$ cat structure-v1.txt   # compact mmCIF, N, CA and C atoms
# COMPACT_ATOMS: atom_id res chain seq x y z
N THR A 17 -2.36 -28.07 16.89
CA THR A 17 -3.34 -28.11 15.82
C THR A 17 -3.92 -29.51 15.73
N GLY A 18 -5.06 -29.64 15.08
CA GLY A 18 -5.72 -30.93 14.94
C GLY A 18 -4.89 -31.93 14.16
N LYS A 19 -4.23 -31.46 13.10
CA LYS A 19 -3.41 -32.38 12.30
C LYS A 19 -2.20 -32.87 13.10
N THR A 20 -1.63 -32.02 13.91
CA THR A 20 -0.50 -32.45 14.73
C THR A 20 -0.95 -33.53 15.70
N ALA A 21 -2.15 -33.39 16.25
CA ALA A 21 -2.66 -34.39 17.19
C ALA A 21 -2.74 -35.76 16.53
N ALA A 22 -3.08 -35.82 15.26
CA ALA A 22 -3.18 -37.11 14.56
C ALA A 22 -1.83 -37.81 14.44
N PHE A 23 -0.77 -37.04 14.33
CA PHE A 23 0.56 -37.61 14.19
C PHE A 23 1.31 -37.68 15.51
N ALA A 24 0.81 -37.01 16.54
CA ALA A 24 1.54 -36.90 17.80
C ALA A 24 1.76 -38.24 18.47
N LEU A 25 0.75 -39.07 18.53
CA LEU A 25 0.89 -40.34 19.25
C LEU A 25 1.99 -41.22 18.66
N PRO A 26 2.02 -41.46 17.34
CA PRO A 26 3.13 -42.27 16.81
C PRO A 26 4.49 -41.62 17.02
N MET A 27 4.57 -40.29 16.92
CA MET A 27 5.84 -39.61 17.13
C MET A 27 6.29 -39.74 18.58
N LEU A 28 5.37 -39.50 19.50
CA LEU A 28 5.70 -39.59 20.92
C LEU A 28 6.05 -41.03 21.31
N HIS A 29 5.34 -41.99 20.70
CA HIS A 29 5.64 -43.40 20.96
C HIS A 29 7.07 -43.73 20.52
N ARG A 30 7.46 -43.25 19.37
CA ARG A 30 8.83 -43.49 18.87
C ARG A 30 9.84 -42.84 19.81
N LEU A 31 9.58 -41.62 20.23
CA LEU A 31 10.51 -40.91 21.10
C LEU A 31 10.58 -41.51 22.50
N ALA A 32 9.53 -42.22 22.91
CA ALA A 32 9.56 -42.88 24.21
C ALA A 32 10.64 -43.96 24.26
N ALA A 33 11.02 -44.49 23.10
CA ALA A 33 12.08 -45.50 23.02
C ALA A 33 13.47 -44.88 23.13
N GLY A 34 13.55 -43.58 22.99
CA GLY A 34 14.84 -42.88 23.09
C GLY A 34 14.95 -41.79 22.05
N PRO A 35 15.96 -40.94 22.19
CA PRO A 35 16.15 -39.84 21.24
C PRO A 35 16.28 -40.37 19.82
N SER A 36 15.77 -39.59 18.87
CA SER A 36 15.77 -40.02 17.47
C SER A 36 15.98 -38.84 16.55
N TYR A 37 16.52 -39.14 15.37
CA TYR A 37 16.62 -38.15 14.30
C TYR A 37 15.31 -38.17 13.52
N VAL A 38 15.08 -37.15 12.71
CA VAL A 38 13.86 -37.07 11.91
C VAL A 38 13.72 -38.31 11.03
N CYS A 39 14.81 -38.76 10.40
CA CYS A 39 14.70 -39.91 9.49
C CYS A 39 14.29 -41.18 10.24
N GLU A 40 14.69 -41.32 11.50
CA GLU A 40 14.28 -42.48 12.30
C GLU A 40 12.80 -42.39 12.68
N ILE A 41 12.35 -41.21 13.00
CA ILE A 41 10.94 -41.02 13.34
C ILE A 41 10.08 -41.26 12.10
N GLN A 42 10.58 -40.83 10.96
CA GLN A 42 9.82 -40.95 9.72
C GLN A 42 9.58 -42.41 9.33
N GLU A 43 10.39 -43.32 9.84
CA GLU A 43 10.16 -44.75 9.57
C GLU A 43 8.85 -45.20 10.19
N GLN A 44 8.44 -44.61 11.31
CA GLN A 44 7.17 -44.98 11.96
C GLN A 44 6.03 -44.05 11.60
N VAL A 45 6.36 -42.83 11.20
CA VAL A 45 5.34 -41.84 10.85
C VAL A 45 5.61 -41.44 9.40
N PRO A 46 5.06 -42.20 8.45
CA PRO A 46 5.39 -41.97 7.04
C PRO A 46 4.71 -40.75 6.43
N ILE A 47 5.26 -39.57 6.75
CA ILE A 47 4.79 -38.33 6.13
C ILE A 47 6.01 -37.61 5.59
N ALA A 48 5.79 -36.63 4.76
CA ALA A 48 6.90 -35.87 4.17
C ALA A 48 7.76 -35.26 5.28
N ALA A 49 9.06 -35.20 5.04
CA ALA A 49 10.01 -34.71 6.05
C ALA A 49 9.68 -33.30 6.51
N ASN A 50 9.23 -32.43 5.60
CA ASN A 50 8.92 -31.07 6.02
C ASN A 50 7.71 -31.03 6.94
N LEU A 51 6.72 -31.90 6.71
CA LEU A 51 5.55 -31.97 7.59
C LEU A 51 5.93 -32.56 8.94
N LEU A 52 6.78 -33.57 8.93
CA LEU A 52 7.23 -34.18 10.18
C LEU A 52 7.98 -33.15 11.02
N SER A 53 8.86 -32.39 10.37
CA SER A 53 9.60 -31.35 11.09
C SER A 53 8.65 -30.31 11.67
N TYR A 54 7.62 -29.95 10.92
CA TYR A 54 6.64 -28.98 11.41
C TYR A 54 5.93 -29.51 12.66
N HIS A 55 5.47 -30.75 12.61
CA HIS A 55 4.75 -31.33 13.74
C HIS A 55 5.67 -31.49 14.95
N LEU A 56 6.93 -31.83 14.73
CA LEU A 56 7.89 -31.90 15.83
C LEU A 56 8.10 -30.51 16.44
N LYS A 57 8.10 -29.48 15.59
CA LYS A 57 8.25 -28.11 16.10
C LYS A 57 7.06 -27.74 16.99
N VAL A 58 5.86 -28.13 16.58
CA VAL A 58 4.67 -27.85 17.38
C VAL A 58 4.77 -28.56 18.73
N LEU A 59 5.20 -29.82 18.72
CA LEU A 59 5.37 -30.57 19.97
C LEU A 59 6.47 -29.96 20.84
N ARG A 60 7.51 -29.45 20.20
CA ARG A 60 8.59 -28.80 20.95
C ARG A 60 8.08 -27.51 21.59
N GLU A 61 7.31 -26.72 20.84
CA GLU A 61 6.76 -25.48 21.39
C GLU A 61 5.77 -25.76 22.51
N ALA A 62 5.12 -26.92 22.47
CA ALA A 62 4.19 -27.31 23.54
C ALA A 62 4.94 -27.84 24.77
N GLY A 63 6.25 -28.01 24.64
CA GLY A 63 7.05 -28.48 25.76
C GLY A 63 7.05 -29.99 25.93
N LEU A 64 6.59 -30.72 24.92
CA LEU A 64 6.55 -32.18 25.01
C LEU A 64 7.79 -32.84 24.44
N VAL A 65 8.52 -32.11 23.60
CA VAL A 65 9.70 -32.64 22.93
C VAL A 65 10.86 -31.67 23.14
N THR A 66 12.05 -32.20 23.34
CA THR A 66 13.26 -31.39 23.44
C THR A 66 14.18 -31.72 22.27
N THR A 67 15.12 -30.84 22.01
CA THR A 67 16.08 -31.08 20.94
C THR A 67 17.50 -30.86 21.46
N SER A 68 18.43 -31.55 20.82
CA SER A 68 19.85 -31.30 21.06
C SER A 68 20.57 -31.54 19.74
N ARG A 69 21.57 -30.73 19.50
CA ARG A 69 22.29 -30.81 18.24
C ARG A 69 23.52 -31.69 18.40
N ARG A 70 23.70 -32.60 17.43
CA ARG A 70 24.90 -33.43 17.33
C ARG A 70 25.48 -33.22 15.94
N GLY A 71 26.47 -32.33 15.87
CA GLY A 71 27.01 -32.00 14.56
C GLY A 71 25.94 -31.31 13.73
N ARG A 72 25.68 -31.84 12.55
CA ARG A 72 24.63 -31.24 11.72
C ARG A 72 23.27 -31.90 11.93
N TRP A 73 23.19 -32.88 12.82
CA TRP A 73 21.96 -33.61 13.10
C TRP A 73 21.30 -33.07 14.36
N ILE A 74 19.98 -33.16 14.42
CA ILE A 74 19.24 -32.76 15.61
C ILE A 74 18.56 -33.99 16.19
N ASP A 75 18.84 -34.27 17.45
CA ASP A 75 18.16 -35.35 18.18
C ASP A 75 16.88 -34.79 18.78
N TYR A 76 15.80 -35.51 18.63
CA TYR A 76 14.53 -35.17 19.28
C TYR A 76 14.31 -36.18 20.39
N ALA A 77 13.82 -35.71 21.53
CA ALA A 77 13.56 -36.60 22.67
C ALA A 77 12.32 -36.12 23.40
N LEU A 78 11.69 -37.03 24.14
CA LEU A 78 10.58 -36.63 24.99
C LEU A 78 11.10 -35.73 26.09
N ALA A 79 10.35 -34.70 26.40
CA ALA A 79 10.69 -33.85 27.55
C ALA A 79 10.54 -34.71 28.81
N PRO A 80 11.34 -34.43 29.84
CA PRO A 80 11.28 -35.26 31.05
C PRO A 80 9.88 -35.38 31.66
N ASP A 81 9.08 -34.35 31.56
CA ASP A 81 7.74 -34.38 32.17
C ASP A 81 6.63 -34.63 31.15
N ALA A 82 6.97 -35.04 29.93
CA ALA A 82 5.97 -35.20 28.87
C ALA A 82 4.90 -36.22 29.24
N SER A 83 5.30 -37.37 29.75
CA SER A 83 4.31 -38.41 30.08
C SER A 83 3.32 -37.93 31.12
N ALA A 84 3.81 -37.26 32.15
CA ALA A 84 2.92 -36.75 33.21
C ALA A 84 1.99 -35.67 32.67
N ARG A 85 2.51 -34.81 31.81
CA ARG A 85 1.68 -33.73 31.26
C ARG A 85 0.60 -34.28 30.34
N ILE A 86 0.95 -35.29 29.56
CA ILE A 86 -0.04 -35.89 28.66
C ILE A 86 -1.11 -36.60 29.48
N ALA A 87 -0.71 -37.36 30.48
CA ALA A 87 -1.68 -38.07 31.33
C ALA A 87 -2.59 -37.09 32.05
N ALA A 88 -2.05 -35.97 32.51
CA ALA A 88 -2.87 -34.98 33.20
C ALA A 88 -3.88 -34.34 32.26
N ALA A 89 -3.55 -34.24 30.98
CA ALA A 89 -4.45 -33.60 30.01
C ALA A 89 -5.55 -34.54 29.53
N LEU A 90 -5.36 -35.83 29.63
CA LEU A 90 -6.33 -36.77 29.07
C LEU A 90 -7.72 -36.71 29.71
N PRO A 91 -7.87 -36.62 31.01
CA PRO A 91 -9.24 -36.58 31.55
C PRO A 91 -10.07 -35.42 31.02
N THR A 92 -9.47 -34.25 30.88
CA THR A 92 -10.25 -33.11 30.37
C THR A 92 -10.52 -33.26 28.88
N ALA A 93 -9.59 -33.86 28.15
CA ALA A 93 -9.82 -34.07 26.72
C ALA A 93 -10.96 -35.06 26.50
N ALA A 94 -11.05 -36.08 27.33
CA ALA A 94 -12.07 -37.11 27.18
C ALA A 94 -13.47 -36.59 27.55
N THR A 95 -13.55 -35.52 28.30
CA THR A 95 -14.86 -34.99 28.71
C THR A 95 -15.19 -33.69 27.98
N GLY A 96 -14.54 -33.45 26.84
CA GLY A 96 -14.84 -32.27 26.06
C GLY A 96 -14.39 -30.98 26.72
N GLY A 97 -13.33 -31.03 27.50
CA GLY A 97 -12.81 -29.83 28.13
C GLY A 97 -13.36 -29.59 29.52
N ARG A 98 -14.31 -30.41 29.95
CA ARG A 98 -14.87 -30.27 31.30
C ARG A 98 -14.19 -31.26 32.22
N ARG A 99 -14.01 -30.88 33.44
CA ARG A 99 -13.48 -31.81 34.44
C ARG A 99 -14.53 -32.86 34.73
N PRO A 100 -14.14 -34.13 34.87
CA PRO A 100 -15.13 -35.16 35.20
C PRO A 100 -15.74 -34.89 36.57
N ARG A 101 -17.02 -35.22 36.70
CA ARG A 101 -17.69 -35.02 37.98
C ARG A 101 -17.21 -36.06 38.97
N ARG A 102 -17.10 -35.63 40.20
CA ARG A 102 -16.74 -36.56 41.25
C ARG A 102 -18.02 -37.09 41.86
N SER A 103 -18.00 -38.38 42.13
CA SER A 103 -19.20 -38.96 42.75
C SER A 103 -19.24 -38.56 44.22
N ILE A 104 -20.41 -38.32 44.70
CA ILE A 104 -20.60 -37.96 46.10
C ILE A 104 -21.12 -39.19 46.83
N SER A 105 -20.29 -39.75 47.69
CA SER A 105 -20.73 -40.93 48.43
C SER A 105 -20.43 -40.81 49.89
$ encode --input "structure-v1.txt" --output "structure tokens"
Amino acid sequence: TGKTAAFALPMLHRLAAGPSYVCEIQEQVPIAANLLSYHLKVLREAGLVTTSRRGRWIDYALAPDASARIAAALPTAATGGRRPRRSIS
């Protein structure tokens, strides 16, 4: 969703430093805990974030291929969904 995209970069940046609990992520992304959990769920469903349970806590981490998938998506996002034209030389 569009709102998730606005929060995704700071969340993904935090997770790039290592697995984190919601309260640790919330220190960098100051939104209500229920909204943060929702956005993390969207990122998890997109395959960009993984979870693992430690007791009653849930660790969130970047998926192993998240960086490559995000980088691959950027060129089409920057051109409005169209592939950039290749120059003919």
$ residues_around --input "structure-v1.txt" --residues "region 20-24 of chain A" --least-positions-apart "2" --cutoff "10 Å" --atoms "only C-alpha atoms" --output "VMD selection string"
chain A and resid 17 to 18 26 to 30 45 to 47 51 to 52 54 to 59 64
$ axis_aligned_box --input "structure-v1.txt" --around "region 66-80 of chain A" --padding-each-side "6 Å" --output "JSON"
{"center_x": 18.4, "center_y": -33.9, "center_z": 21.7, "size_x": 29.1, "size_y": 18.3, "size_z": 31.9}
$ closest_atom_pairs --input "structure-v1.txt" --of "region 24-55 of chain A" --to "region 65-79 of chain A" --cutoff "6 Å" --atoms "all atoms listed in the file" --output "JSON lines"
{"residue": "A:Leu31", "atom": "C", "partner": "A:Leu78", "partner_atom": "N", "distance": 4.9}
{"residue": "A:Ala32", "atom": "N", "partner": "A:Leu78", "partner_atom": "N", "distance": 5.8}
{"residue": "A:Gly34", "atom": "C", "partner": "A:Ala77", "partner_atom": "CA", "distance": 5.4}
{"residue": "A:Pro35", "atom": "CA", "partner": "A:Tyr76", "partner_atom": "C", "distance": 4.2}
{"residue": "A:Ser36", "atom": "C", "partner": "A:Tyr76", "partner_atom": "N", "distance": 3.9}
{"residue": "A:Tyr37", "atom": "N", "partner": "A:Tyr76", "partner_atom": "N", "distance": 4.9}
{"residue": "A:Val38", "atom": "N", "partner": "A:Ile74", "partner_atom": "C", "distance": 5.8}
$ select_by_dssp --input "structure-v1.txt" --residues "region 38-99 of chain A" --states "alpha helix (DSSP H)" --output "VMD selection string"
chain A and resid 38 to 44 49 to 61 82 to 94
$ atom_distance --input "structure-v1.txt" --atom1 "CA of Ala49 (chain A)" --atom2 "atom C of Pro80 (chain A)"
25.6 Å
$ atom_distance --input "structure-v1.txt" --atom1 "CA of Ala88 (chain A)" --atom2 "CA of Glu43 (chain A)"
28.7 Å
$ atom_distance --input "structure-v1.txt" --atom1 "atom N of Gln44 (chain A)" --atom2 "atom C of Arg60 (chain A)"
20.0 Å
